[in-house]
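Data block below; observations after.
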Amino acid sequence: MAQRYRKKVTRSGKGAFSLYIPKKWIDGWKGEQAKERSVDLLQMDDHLIISPVQKGSSKSAKLDSDSVEEVRHFLLSCYVRGFESAEIVTKGRFTDEQICGARSFVRSLDDRLTLDITENRIAYDKNAAAMLSRPDATQLQRLLFDKLLEGVRLMEELLEYFDKNPRRAIHIMQMLKLLEEDTDRLALQILRLASRMEIPVENLVDLYYIVLTTNTMENLGDSMFGMVRNVCMFYNLDPAKLPYPPDALIKEISKPAALDPSLDGLRQILVADLKICAKNIGTLKELALSEYTEKVQDYIRNLTLFRDTMGEDLGKALKNALAKGNGSAQGRNLVHLIRIGYRISDIAMKLEEFAKHLVTFHFFHELSD
């Protein structure tokens, strides 16, 4: 039941005021809130809203069935009840239907949520959705990093399944298509803010940095969707038809031949490369959004070495492909893998480019003063 209190504001020191808060309200706090006794103050017109500092909450549950509806119900319940993060795990493996259903449902729920999916774990993080009503460039770039990280993880999954499970691969390609649209939209929003000079920067150099890095990140999204085009080529499928229902697309594709076991080594090398790309995106996000970025100079060496190593591996694979010829199914599949490999190499090159932009503009924090 709501209770109304009327308190007198008293002067406390020079220019400060104090207000006594009802003890009953404080006694209702729980856990860390009661321990720290900190409040947030939100001023709205002539109202001042006082609330206890909200601590991040999480929820975890186990599922021992293949029900898609139970996964959706859990995610919806956690989201509506305000949990910052939630995870559902299973002893065995989630079915393709559960994984696809979770992705599609969370996107329809709030496309700003970040999903983390493995074979036995489905989780979301709500922190990325905590946007202000008028987000600034830093917030939008943070979201852009999260979208790119999600894209690389989807690429990794697509590489594992594109010749084994066409239905799952089509779902992943459709998600990557939607992800490309997300990155385009976020990048455009940042560039629009920049063009209107609505980004709080101290000089034009910082404004140019934001524009340059945003363009690079948008190009990264394009490169990720490029892998979708490669797999469409494998299926003899027109990429323009990806918005079609999965059942219709299954009928459109040519029945793919599974990769020869001799090519699985190259596949695993490319999967490992994508894991490194994901790690590099996470590191660059941390460095780019921090106040001090001098560590990037040393990190560029790792990015350059990674890019060079990838190039050498792909060169060897191409040499083997030419030696064996492209007439056999194995030869054609090897060519498809090499195309995917060069797409990953392109992502590695763009991450190196991003890091160089970061060093050029923000090597020393004092330079932006």
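Just remember, in the structure tokens the first chain shown is A, the second B, etc., residues are 1-based per chain, and ligands are 1-based in the order shown.
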
| request: Quick one: everything within 6 Å of range 210-227 of chain A, counting only C-alpha atoms, minus sequence neighbours fewer than 4 positions away in the same chain. Send it as number ranges by chain. | output: A: 180, 187, 340

List every residue of range 91-207 of chain A that has an atom at most 7 Å from any atom of range 48-71 of chain A, giving for each one its closest atom pair and the distance in Å to one decimal, counting only C-alpha atoms, sorted by chain and then by ascending residue number, as a Markdown table.
```
| residue | atom | partner | partner_atom | distance |
| --- | --- | --- | --- | --- |
| A:Lys91 | CA | A:Asp64 | CA | 6.9 |
| A:Phe94 | CA | A:Asp66 | CA | 6.9 |
| A:Thr95 | CA | A:Asp66 | CA | 6.5 |
| A:Glu97 | CA | A:Val68 | CA | 6.7 |
| A:Gln98 | CA | A:Val68 | CA | 4.8 |
| A:Gly101 | CA | A:Val68 | CA | 6.4 |
| A:Ala102 | CA | A:Val71 | CA | 6.8 |
```

| What lies within 12 Å of Leu314 in chain A using only C-alpha atoms, ignoring chain neighbours under 5 positions off, as a PyMOL selection string? | chain A and resi 266-267+269-270+273+307-309+319-321+334-345

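Interatomic distance, CA of Phe145 in chain A to CA of Ile281 in chain A: 7.1 Å.
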
Using only C-alpha atoms, determine which residues lie at most 8 Å from Ile199 in chain A, disregarding the query and same-chain residues fewer than 3 positions distant; provide the list as a CSV table (one decimal) with N, CA and C atoms, in the first residue's frame.
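What ended up in selection.csv:
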```csv
chain,number,residue,atom,x,y,z
A,136,ASP,N,24.6,8.2,-26.7
A,136,ASP,CA,25.7,8.9,-27.3
A,136,ASP,C,26.5,7.9,-28.2
A,137,ALA,N,27.5,8.4,-28.8
A,137,ALA,CA,28.3,7.6,-29.8
A,137,ALA,C,29.0,6.4,-29.0
A,193,LEU,N,24.5,11.3,-35.9
A,193,LEU,CA,24.8,12.1,-34.8
A,193,LEU,C,26.1,13.0,-35.1
A,194,ALA,N,27.0,12.3,-35.8
A,194,ALA,CA,28.3,13.1,-36.1
A,194,ALA,C,28.0,14.2,-37.1
A,207,LEU,N,36.0,13.8,-33.5
A,207,LEU,CA,34.9,13.6,-34.3
A,207,LEU,C,35.2,12.7,-35.5
```

| field | Which of range 238-293 of chain A DSSP labels alpha helix (DSSP H), written as an MDAnalysis selection string | value | chainID A and resid 246:252 264:288

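Among the candidate residues A:Phe354, A:Ala240, A:Leu75, A:Leu159, the one lying nearest to Ser108 in chain A is A:Leu75, with distances computed using only C-alpha atoms.
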
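Nearest to Leu284 in chain A of all the residues A:Lys30, A:His357, A:His47, A:Arg6 is A:His357, counting only C-alpha atoms.
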
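When CA of Val201 in chain A is paired with CA of Leu289 in chain A, their separation reads 14.3 Å.
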
| Length of the CA of Asp163 in chain A to CA of Asp96 in chain A vector [Å] | 15.0 Å
